[in-house]
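Participant: Below is model35.txt; it holds compact mmCIF, C-alpha atoms and all ligand atoms.
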```
# COMPACT_ATOMS: atom_id res chain seq x y z
CA MET A 1 -55.63 107.15 -30.37
CA LEU A 2 -52.04 106.69 -31.57
CA VAL A 3 -50.63 103.42 -30.17
CA LEU A 4 -46.85 103.37 -30.63
CA MET A 5 -44.94 100.14 -30.22
CA LYS A 6 -41.21 99.67 -30.18
CA ILE A 7 -38.67 97.00 -31.09
CA SER A 8 -35.04 97.40 -30.00
CA LEU A 9 -32.33 94.94 -30.98
CA THR A 10 -28.53 95.12 -30.73
CA THR A 11 -26.21 92.98 -32.85
CA GLN A 12 -22.43 92.61 -33.18
CA LEU A 13 -21.30 92.51 -36.80
CA ASN A 14 -17.91 91.11 -37.76
CA ALA A 15 -16.85 93.92 -40.08
CA SER A 16 -15.45 97.41 -39.63
CA LEU A 17 -17.65 100.42 -38.97
CA GLU A 18 -17.12 101.75 -42.50
CA GLU A 19 -17.85 98.36 -44.06
CA VAL A 20 -21.13 98.02 -42.17
CA TRP A 21 -21.98 101.66 -42.94
CA ALA A 22 -21.46 101.01 -46.67
CA ALA A 23 -23.66 97.89 -46.40
CA LEU A 24 -26.51 99.87 -44.81
CA HIS A 25 -26.49 102.15 -47.87
CA ASP A 26 -26.70 99.22 -50.28
CA PRO A 27 -30.23 98.40 -51.55
CA GLY A 28 -28.94 94.91 -52.44
CA VAL A 29 -28.15 94.31 -48.75
CA PHE A 30 -31.59 95.65 -47.76
CA GLN A 31 -33.19 93.09 -50.10
CA SER A 32 -30.95 90.22 -48.98
CA VAL A 33 -31.60 90.73 -45.27
CA SER A 34 -35.37 91.07 -45.84
CA ALA A 35 -35.71 87.91 -47.94
CA PRO A 36 -37.38 85.49 -47.96
CA PHE A 37 -39.85 86.83 -45.36
CA LEU A 38 -40.40 90.07 -47.24
CA ARG A 39 -39.47 90.67 -50.86
CA PHE A 40 -39.18 94.19 -52.25
CA ARG A 41 -39.37 95.59 -55.77
CA ALA A 42 -38.55 99.18 -56.67
CA GLU A 43 -41.44 101.18 -58.13
CA ALA A 44 -39.04 103.41 -60.10
CA GLN A 45 -38.60 102.33 -63.73
CA ASP A 46 -34.84 102.09 -63.41
CA GLY A 47 -35.12 99.89 -60.31
CA PHE A 48 -33.22 100.37 -57.07
CA PRO A 49 -30.51 103.05 -56.87
CA GLU A 50 -26.90 101.92 -56.50
CA ARG A 51 -26.85 103.43 -53.02
CA TRP A 52 -29.51 104.92 -50.72
CA GLU A 53 -28.98 108.68 -50.60
CA SER A 54 -29.75 110.76 -47.56
CA GLY A 55 -32.71 113.10 -48.10
CA LYS A 56 -34.18 111.21 -51.10
CA THR A 57 -37.45 109.28 -51.19
CA TYR A 58 -37.77 105.81 -52.71
CA VAL A 59 -41.01 103.88 -53.21
CA VAL A 60 -40.91 100.09 -52.96
CA ARG A 61 -43.51 97.35 -53.31
CA ALA A 62 -43.47 94.56 -50.72
CA SER A 63 -44.80 91.03 -50.74
CA ALA A 64 -44.76 88.35 -48.08
CA LEU A 65 -42.58 85.42 -49.23
CA GLY A 66 -42.75 86.94 -52.70
CA LEU A 67 -46.39 85.78 -53.02
CA LEU A 68 -48.75 87.76 -50.81
CA PRO A 69 -48.94 91.45 -51.86
CA PHE A 70 -48.37 93.81 -48.94
CA GLY A 71 -48.65 97.13 -50.77
CA THR A 72 -46.18 99.96 -51.21
CA GLN A 73 -44.13 102.05 -48.81
CA GLU A 74 -41.71 104.94 -48.88
CA ILE A 75 -38.11 104.68 -47.77
CA ASN A 76 -36.80 108.08 -46.64
CA PRO A 77 -33.19 107.70 -45.50
CA VAL A 78 -31.63 110.45 -43.40
CA THR A 79 -28.05 109.77 -42.38
CA SER A 80 -25.67 111.47 -39.97
CA SER A 81 -22.17 110.96 -38.55
CA GLU A 82 -20.73 112.19 -35.31
CA GLY A 83 -17.21 111.04 -34.49
CA MET A 84 -17.31 107.25 -34.78
CA ARG A 85 -21.07 107.08 -34.45
CA ARG A 86 -23.14 106.71 -37.61
CA GLN A 87 -26.91 106.91 -37.81
CA PHE A 88 -29.24 105.80 -40.60
CA ARG A 89 -32.87 106.79 -40.02
CA ASP A 90 -35.83 105.93 -42.18
CA ASN A 91 -39.21 107.45 -41.44
CA GLY A 92 -40.76 106.02 -44.59
CA ARG A 93 -44.48 105.40 -44.27
CA GLY A 94 -46.88 102.86 -45.76
CA LEU A 95 -48.67 104.11 -48.89
CA THR A 96 -50.98 101.38 -50.19
CA GLY A 97 -52.29 97.90 -49.29
CA ALA A 98 -51.72 96.46 -45.82
CA LEU A 99 -48.68 98.74 -45.40
CA ALA A 100 -50.99 101.79 -45.55
CA ALA A 101 -52.17 100.80 -42.05
CA VAL A 102 -48.71 101.83 -40.77
CA SER A 103 -49.39 105.50 -40.01
CA SER A 104 -46.14 106.18 -38.19
CA PHE A 105 -42.78 104.47 -38.80
CA GLN A 106 -39.41 105.46 -37.30
CA HIS A 107 -36.56 103.07 -38.03
CA THR A 108 -33.15 104.06 -36.62
CA MET A 109 -29.94 102.08 -37.11
CA THR A 110 -26.99 103.36 -35.09
CA LEU A 111 -23.46 102.04 -35.56
CA GLU A 112 -20.45 102.36 -33.31
CA PRO A 113 -17.28 100.34 -32.70
CA SER A 114 -17.87 97.73 -30.01
CA GLY A 115 -14.41 98.40 -28.52
CA VAL A 116 -13.45 94.73 -28.82
CA GLY A 117 -13.27 94.47 -32.64
CA PRO A 118 -16.73 94.01 -34.21
CA THR A 119 -19.16 96.83 -34.97
CA THR A 120 -22.25 97.29 -32.82
CA LEU A 121 -25.59 97.90 -34.52
CA HIS A 122 -28.36 99.33 -32.34
CA ASP A 123 -31.56 98.93 -34.29
CA THR A 124 -34.82 100.51 -33.16
CA LEU A 125 -38.23 100.55 -34.77
CA GLU A 126 -41.10 102.63 -33.41
CA PHE A 127 -44.34 102.37 -35.31
CA SER A 128 -48.08 102.66 -35.14
CA ALA A 129 -50.71 100.84 -37.21
CA GLY A 130 -53.89 101.74 -35.30
CA ALA A 131 -55.77 98.73 -33.95
CA LEU A 132 -53.42 96.42 -35.89
CA THR A 133 -50.36 97.62 -33.97
CA PRO A 134 -49.97 94.62 -31.58
CA LEU A 135 -50.45 92.11 -34.42
CA MET A 136 -47.99 93.95 -36.63
CA TRP A 137 -45.53 94.16 -33.70
CA LEU A 138 -45.45 90.36 -33.66
CA GLY A 139 -44.71 90.22 -37.39
CA PHE A 140 -42.07 92.97 -37.23
CA ARG A 141 -40.43 91.35 -34.19
CA VAL A 142 -39.96 88.03 -36.03
CA PHE A 143 -38.84 89.90 -39.15
CA TRP A 144 -36.33 91.98 -37.15
CA SER A 145 -34.74 88.84 -35.63
CA LEU A 146 -34.40 87.28 -39.09
CA ARG A 147 -32.89 90.50 -40.47
CA HIS A 148 -30.28 90.53 -37.71
CA ALA A 149 -29.40 86.86 -38.22
CA ALA A 150 -29.00 87.56 -41.97
CA MET A 151 -26.80 90.60 -41.27
CA ARG A 152 -24.55 88.58 -38.96
CA SER A 153 -24.05 85.90 -41.57
CA LEU A 154 -23.50 88.42 -44.40
CA ALA A 155 -21.04 90.67 -42.52
CA SER A 156 -17.94 88.72 -43.55
CA GLN A 157 -18.84 89.42 -47.21
CA TRP A 158 -18.79 93.17 -46.52
CA ARG A 159 -15.08 93.04 -45.68
CA SER A 160 -12.64 94.55 -48.17
CA ALA A 161 -10.40 92.19 -50.15
CA GLU A 162 -7.34 93.42 -48.20
CA ALA A 163 -9.08 92.94 -44.82
CA GLY A 164 -10.17 89.44 -45.90
CA ARG A 165 -6.59 88.66 -46.91
CA TRP A 166 -5.21 89.69 -43.50
CA ASP A 167 -8.07 87.92 -41.67
CA SER A 168 -7.25 84.65 -43.44
CA ARG A 169 -3.53 85.09 -42.62
CA TYR A 170 -4.56 85.35 -38.96
CA ALA A 171 -7.02 82.44 -39.17
CA GLY A 172 -4.50 79.73 -38.21
CA SER A 173 -2.30 79.63 -35.12
CA ALA A 174 -0.67 82.74 -33.60
CA MET A 175 1.27 84.64 -36.28
CA TRP A 176 3.64 86.63 -34.02
CA SER A 177 5.65 85.76 -30.88
CA GLY A 178 3.25 87.36 -28.37
CA LYS A 179 6.16 89.50 -27.14
CA PRO A 180 6.29 93.26 -27.67
CA ASN A 181 8.57 94.48 -30.46
CA ALA A 182 12.21 94.93 -29.46
CA ALA A 183 12.26 98.66 -30.26
CA LEU A 184 9.10 99.59 -28.34
CA GLU A 185 10.48 100.08 -24.84
CA ARG A 186 13.35 102.28 -26.03
CA ALA A 187 11.08 104.25 -28.38
CA VAL A 188 8.77 105.37 -25.55
CA GLU A 189 11.45 105.82 -22.87
CA GLY A 190 10.89 108.92 -20.77
CA LEU A 191 7.28 109.49 -21.89
CA THR A 192 4.53 109.87 -19.31
CA PRO A 193 1.75 107.36 -20.04
CA SER A 194 -1.37 108.98 -21.42
CA HIS A 195 -3.43 108.25 -24.56
CA ALA A 196 -1.74 105.98 -27.10
CA LEU A 197 -2.87 104.79 -30.52
CA GLU A 198 -1.38 101.77 -32.24
CA VAL A 199 -2.01 101.37 -35.94
CA GLY A 200 -1.65 97.85 -37.36
CA ALA A 201 -1.63 96.35 -33.85
CA GLY A 202 -1.87 92.76 -35.08
CA GLU A 203 -2.34 90.32 -32.19
CA GLY A 204 -1.84 93.14 -29.71
CA ALA A 205 1.46 92.33 -27.96
CA ASP A 206 2.67 95.96 -28.18
CA ALA A 207 -0.74 97.34 -27.14
CA LEU A 208 -0.77 95.03 -24.12
CA TRP A 209 2.74 96.05 -23.11
CA LEU A 210 1.83 99.75 -23.38
CA ALA A 211 -1.32 99.16 -21.33
CA GLU A 212 0.76 97.40 -18.69
CA GLN A 213 2.94 100.53 -18.47
CA GLY A 214 -0.19 102.57 -17.74
CA TRP A 215 -1.06 103.86 -21.21
CA ASN A 216 -4.72 104.16 -22.16
CA VAL A 217 -4.47 102.33 -25.49
CA THR A 218 -6.55 102.33 -28.65
CA ALA A 219 -5.35 99.45 -30.82
CA THR A 220 -6.44 99.33 -34.45
CA ASP A 221 -5.93 96.83 -37.22
CA LEU A 222 -7.48 95.94 -40.54
CA SER A 223 -7.88 92.38 -39.30
CA LEU A 224 -10.76 91.63 -36.94
CA ALA A 225 -9.31 88.14 -36.37
CA ALA A 226 -6.03 89.63 -35.10
CA LEU A 227 -7.74 92.04 -32.69
CA THR A 228 -10.04 89.31 -31.40
CA ARG A 229 -6.91 87.40 -30.45
CA GLY A 230 -5.52 90.49 -28.71
CA GLU A 231 -8.70 90.94 -26.68
CA ALA A 232 -8.66 87.24 -25.64
CA GLN A 233 -5.07 87.72 -24.49
CA ARG A 234 -6.00 90.87 -22.54
CA GLN A 235 -8.84 89.05 -20.81
CA SER A 236 -6.68 86.08 -19.87
CA ARG A 237 -3.99 88.37 -18.41
CA VAL A 238 -6.56 90.36 -16.43
CA THR A 239 -8.00 87.11 -15.09
CA ARG A 240 -4.51 85.90 -14.24
CA ASP A 241 -3.16 88.91 -12.34
CA HIS A 242 -6.18 91.22 -11.86
CA HIS A 243 -4.28 94.12 -13.39
CA PRO A 244 -6.72 96.24 -15.39
CA ARG A 245 -5.54 97.19 -18.85
CA MET A 246 -7.27 99.88 -20.86
CA ILE A 247 -7.45 98.75 -24.48
CA ARG A 248 -10.03 99.76 -27.04
CA TRP A 249 -9.74 97.52 -30.11
CA VAL A 250 -11.03 99.09 -33.32
CA THR A 251 -11.15 97.27 -36.65
CA LEU A 252 -10.46 99.75 -39.42
CA ASP A 253 -8.49 100.51 -42.55
CA ALA A 254 -6.02 103.11 -41.32
CA VAL A 255 -5.31 104.22 -44.89
CA ASN A 256 -8.88 104.88 -45.99
CA ASP A 257 -10.92 105.34 -42.77
CA SER A 258 -10.69 108.03 -40.10
CA LEU A 259 -8.61 107.08 -37.09
CA PRO A 260 -10.66 106.53 -33.91
CA THR A 261 -11.97 109.34 -31.75
CA PRO A 262 -12.19 110.35 -28.91
CA PRO A 263 -9.62 111.53 -28.19
CA GLU A 264 -9.14 113.68 -31.30
CA LYS A 265 -5.36 113.58 -30.73
CA TYR A 266 -3.02 111.09 -29.05
CA ASP A 267 0.16 111.71 -27.04
CA LEU A 268 1.71 108.63 -28.60
CA VAL A 269 1.03 107.00 -31.97
CA VAL A 270 2.95 103.86 -32.96
CA ASN A 271 3.16 101.73 -36.07
CA PHE A 272 5.37 98.67 -36.40
CA PHE A 273 6.14 97.10 -39.76
CA GLY A 274 3.46 98.90 -41.74
CA HIS A 275 5.07 97.91 -45.02
CA GLY A 276 3.21 98.63 -48.22
CA PRO A 277 3.58 100.42 -51.56
CA LYS A 278 5.07 103.94 -51.21
CA GLU A 279 1.77 105.72 -51.83
CA VAL A 280 -0.06 103.56 -49.26
CA ARG A 281 2.56 103.76 -46.49
CA GLU A 282 2.96 107.51 -46.93
CA GLY A 283 -0.85 107.92 -46.82
CA LEU A 284 -0.76 106.04 -43.53
CA TRP A 285 2.10 108.20 -42.19
CA ALA A 286 0.17 111.37 -43.03
CA ALA A 287 -2.98 110.04 -41.32
CA MET A 288 -1.00 109.15 -38.18
CA ALA A 289 0.79 112.51 -38.13
CA GLY A 290 -2.66 114.14 -38.21
CA VAL A 291 -3.70 112.61 -34.88
CA VAL A 292 -0.59 113.31 -32.78
CA ALA A 293 -1.23 115.93 -30.09
CA PRO A 294 1.08 118.95 -29.88
CA GLY A 295 4.11 117.77 -27.90
CA GLY A 296 3.24 114.14 -28.70
CA ARG A 297 5.37 111.48 -30.37
CA LEU A 298 4.90 109.37 -33.48
CA VAL A 299 6.96 106.18 -33.62
CA ILE A 300 7.37 104.40 -36.95
CA VAL A 301 9.38 101.20 -37.17
CA GLY A 302 10.12 99.14 -40.27
CA HIS A 303 12.47 96.38 -41.32
CA SER A 304 15.76 97.67 -42.64
CA PRO A 305 16.19 97.09 -46.40
CA ASN A 306 19.75 95.93 -45.52
CA ASP A 307 18.31 92.83 -43.78
CA VAL A 308 17.84 91.12 -47.14
CA ALA A 309 21.64 90.68 -47.30
CA ALA A 310 21.48 88.75 -43.97
CA GLY A 311 19.34 86.14 -45.72
CA VAL A 312 16.17 86.74 -43.64
CA GLN A 313 12.74 86.88 -45.16
CA ARG A 314 11.57 90.45 -45.73
CA PRO A 315 8.74 92.19 -47.64
CA PRO A 316 9.41 92.92 -51.34
CA GLU A 317 11.82 95.80 -51.92
CA ASP A 318 9.17 98.27 -53.08
CA MET A 319 7.25 97.74 -49.79
CA MET A 320 10.24 98.74 -47.65
CA PHE A 321 11.38 102.21 -46.62
CA ASP A 322 14.67 103.59 -45.36
CA THR A 323 15.86 106.35 -43.01
CA ARG A 324 16.11 108.80 -45.94
CA GLU A 325 12.47 108.40 -46.98
CA LEU A 326 11.25 108.86 -43.39
CA THR A 327 13.43 111.94 -42.86
CA ASP A 328 12.37 113.58 -46.13
CA PHE A 329 8.70 112.89 -45.42
CA PHE A 330 8.52 114.06 -41.80
CA ALA A 331 11.12 116.86 -41.55
CA PRO A 332 8.72 119.51 -42.94
CA LEU A 333 5.84 118.32 -40.70
CA CYS A 334 7.34 118.04 -37.22
CA GLU A 335 9.20 119.87 -34.45
CA SER A 336 12.11 117.41 -34.35
CA LEU A 337 12.92 113.87 -35.38
CA THR A 338 15.46 111.11 -34.91
CA VAL A 339 15.70 108.45 -37.59
CA GLU A 340 18.11 105.61 -36.94
CA GLN A 341 18.76 101.92 -37.46
CA TRP A 342 18.56 99.87 -34.27
CA GLN A 343 20.12 96.43 -34.34
CA ARG A 344 18.63 93.32 -32.80
CA GLU A 345 19.08 89.56 -32.97
CA GLN A 346 16.64 87.24 -34.66
CA ASN A 347 16.61 83.72 -36.01
CA GLY A 348 17.85 83.50 -39.57
CA PRO A 349 18.27 80.62 -42.05
CA GLY A 350 18.65 77.26 -40.28
CA ASP A 351 17.44 78.89 -37.05
CA GLN A 352 20.88 80.46 -36.60
CA PRO A 353 20.85 83.85 -34.83
CA VAL A 354 21.53 86.77 -37.18
CA THR A 355 21.84 90.48 -36.52
CA VAL A 356 19.15 92.49 -38.28
CA ALA A 357 18.17 96.15 -38.00
CA ASP A 358 14.97 98.11 -37.61
CA VAL A 359 14.53 101.52 -39.18
CA VAL A 360 13.17 103.59 -36.28
CA ALA A 361 11.73 107.10 -36.52
CA LEU A 362 10.91 109.04 -33.35
CA ILE A 363 8.97 112.07 -34.54
CA GLN A 364 8.12 114.86 -32.11
CA PHE A 365 5.24 117.25 -32.87
C1 LIG A 401 3.45 93.08 -40.31
S1 LIG A 401 1.99 93.11 -39.39
C2 LIG A 401 2.57 93.82 -37.88
C3 LIG A 401 1.70 93.52 -36.70
C4 LIG A 401 2.20 94.11 -35.37
N1 LIG A 401 2.38 95.54 -35.46
C5 LIG A 401 3.49 93.45 -34.93
O1 LIG A 401 4.53 94.09 -35.06
O2 LIG A 401 3.42 92.29 -34.49
C6 LIG A 401 1.09 94.41 -40.13
C7 LIG A 401 -0.29 94.60 -39.54
O3 LIG A 401 -0.90 95.71 -40.19
C8 LIG A 401 -2.25 95.41 -40.45
N2 LIG A 401 -2.69 96.25 -41.57
C9 LIG A 401 -2.38 96.11 -42.87
N3 LIG A 401 -2.96 97.10 -43.59
C10 LIG A 401 -3.65 97.87 -42.71
C11 LIG A 401 -4.48 99.01 -42.84
N4 LIG A 401 -4.72 99.57 -44.03
N5 LIG A 401 -5.06 99.52 -41.72
C12 LIG A 401 -4.83 98.96 -40.51
N6 LIG A 401 -4.06 97.87 -40.33
C13 LIG A 401 -3.47 97.33 -41.41
C14 LIG A 401 -2.28 93.92 -40.73
O4 LIG A 401 -3.54 93.34 -40.50
C15 LIG A 401 -1.22 93.42 -39.77
O5 LIG A 401 -1.78 93.01 -38.55
```
Written as C-alpha cells, how would this file's structure read?

Facilitator:
Amino acid sequence: MLVLMKISLTTQLNASLEEVWAALHDPGVFQSVSAPFLRFRAEAQDGFPERWESGKTYVVRASALGLLPFGTQEINPVTSSEGMRRQFRDNGRGLTGALAAVSSFQHTMTLEPSGVGPTTLHDTLEFSAGALTPLMWLGFRVFWSLRHAAMRSLASQWRSAEAGRWDSRYAGSAMWSGKPNAALERAVEGLTPSHALEVGAGEGADALWLAEQGWNVTATDLSLAALTRGEAQRQSRVTRDHHPRMIRWVTLDAVNDSLPTPPEKYDLVVNFFGHGPKEVREGLWAAMAGVVAPGGRLVIVGHSPNDVAAGVQRPPEDMMFDTRELTDFFAPLCESLTVEQWQREQNGPGDQPVTVADVVALIQF
C-alpha cells in the first residue's frame, strides 16, 4: 500500500521574485539551506553544475550532519513560469541507502509576489517511504523548517548590488517628504481612474495619492525597504480613515525584470525621477512604453538639467535627461506627446526657496 504524506510550508523572503528564482536554481544555495542537517556531495566528477537546469537529472550523495551516510538520490528539476508565478518541481527519487526507501517524492516550490514587497514561497513535499513514511515525515518536517529559516536569513544576500544600495539608502529615517510629487496631479488631470503602474515608487507617496483618487495601483521599486514603508503608510491611513486603497507593492528591477502582470497593460504608467545612465533610463522607458494600454498615458518626470544653475543638488549630468531626449525617444513610439518644463518652488542653499523645473513628458499611446 502506498502511504503518501505531505508537508506544506509558506515563507516570506525579503528579495525580489527574480532574485529568489535565481537562488532556487543555485546548487550552492541548495547546499547552504540543507546544512548542517543534511550535507550533499555531487556524484558527477565535475561536481555540482553552476545552475540547476530544467529537464536534467543530477545524482547527489547525502549524509546526516556530514557523518551518517544516507545514500544517493536523484534531483530532477522541472521549472515553469506563468505570469509572475514561478514553479520549481523536483520529483527526484532515492537510489541507494536509506534514501532508497523513498519510493515517491514530489517537491514543489512555487514563487509569487506577496503584494506587500517580499516574495512568497509555497513549498510542498509529498512523499512515500513505505512503512517508514511517518518516521521520515518527522525528519523531513524538522528539516523543512530549518531550510525555511535558512532561506529567510540568506535572502538579503540574494539581492543585487544596486538593490542593496537603494535598500541601505532607505534604511534610516524617511528619505522623501511623504507628499506626492508636485507634477502628479496635473499630469493625470482628466483621466478616469483605472489600472495604474508606478515604477520607482520609493516610499509610495504618489502611489497612495493615486489610490486615494480611485486608481487601482501597482507600485514597484527596486528597494524592498522603501515599499515596506509605503505599505506601513497605507495601513496607517486605512486605519485612520477607513478608506480602502488598492495598492499592490512589487519589489523588482524595472530595467531587467518583467513588469508586473496582471493586468498585461495599464491605463496609466508613471515614473518620477528615474535618473540613471542613458542606456539604463532608455531601457526603462522602453519597458514602461511596452505596458501602456492603447489609449493609455505614460508620464515621465525628471529634474531639469537647468536646476544645477540654481545651486540645488541634482544627479550627475550624465544621469539627467532633457525635453529633447524624451521627444526624440518617444515620438516614433506614440500617438501624441507633450514634453515641457514645469516650474515649482523648493528649498535651495541655506533653506531659501528657489524656483526649479521638472522635465515632464505626457505620452499618449
Ligand atoms: C529618486 S527615487 C524617486 C522615488 C519616488 N518616485 C519619489 O519621487 O519620491 C528613485 C527610485 O527608483 C528606484 N529604482 C532605482 N532603480 C530602479 C530599478 N532598476 N527598478 C525599479 N526601481 C528602481 C529607487 O529605489 C528609488 O526608490

Participant: Please identify all protein, DNA and RNA residues within 7 Å of ligand LIG 401 (chain A), counting only C-alpha atoms and all ligand atoms, and report them as an MDAnalysis selection string.

Facilitator: chainID A and resid 166 176 181 199:203 205 220:223 226 252:255 271:275

Participant: If we draw a sphere of 10 Å around (-27.2, 105.1, -36.7), which residues have at least one atom in it when counting only C-alpha atoms? Please report them as a list of chain:residue names.

Facilitator: A:Trp21, A:Leu24, A:Val78, A:Thr79, A:Ser80, A:Ser81, A:Glu82, A:Arg85, A:Arg86, A:Gln87, A:Phe88, A:Arg89, A:His107, A:Thr108, A:Met109, A:Thr110, A:Leu111, A:Glu112, A:Leu121, A:His122, A:Asp123, A:Thr124

Participant: Could you state the separation of CA of His303 in chain A and CA of Arg169 in chain A in Å, given to one decimal place?

Facilitator: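 Atom-to-atom, CA of His303 in chain A and CA of Arg169 in chain A are spaced 19.6 Å apart.
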
Participant: Could you check the closest approach to Val292 in chain A for each of A:Ala211, A:Val269, A:Val116, A:Leu65 and tell me which residue wins, using only C-alpha atoms?

Facilitator: A:Val269

Participant: From the options A:Ser173, A:Ser54, A:Ser128, A:Asn256, which residue's atoms come nearest to Phe140 in chain A, counting all atoms listed in the file?

Facilitator: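 Between A:Ser173, A:Ser54, A:Ser128, A:Asn256, the residue approaching Phe140 in chain A most closely is A:Ser128.
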
Participant: For Met246 in chain A, which residue out of A:Ser103, A:Gln213, A:Gln364, A:Ser145 is the nearest one, using only C-alpha atoms?

Facilitator: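 For Met246 in chain A, the nearest of the candidates is A:Gln213.
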
Participant: If I take CA of Val188 in chain A and CA of Val339 in chain A, how far is one from the other in Å, to one decimal?

Facilitator: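 Those two atoms sit 14.2 Å apart.
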
Participant: For the atom pair CA of Glu18 in chain A and CA of Arg245 in chain A, what is the interatomic distance in Å to one decimal place?

Facilitator: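 Between these atoms lies a distance of 26.7 Å.
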
Participant: Around all of range 21-40 of chain A's listed atoms, make the axis-aligned box with 4 Å on each side and tell me centre and edge lengths in Å to one decimal, as JSON.

Facilitator:
```
{"center_x": -30.9, "center_y": 93.8, "center_z": -47.7, "size_x": 26.9, "size_y": 24.7, "size_z": 17.5}
```
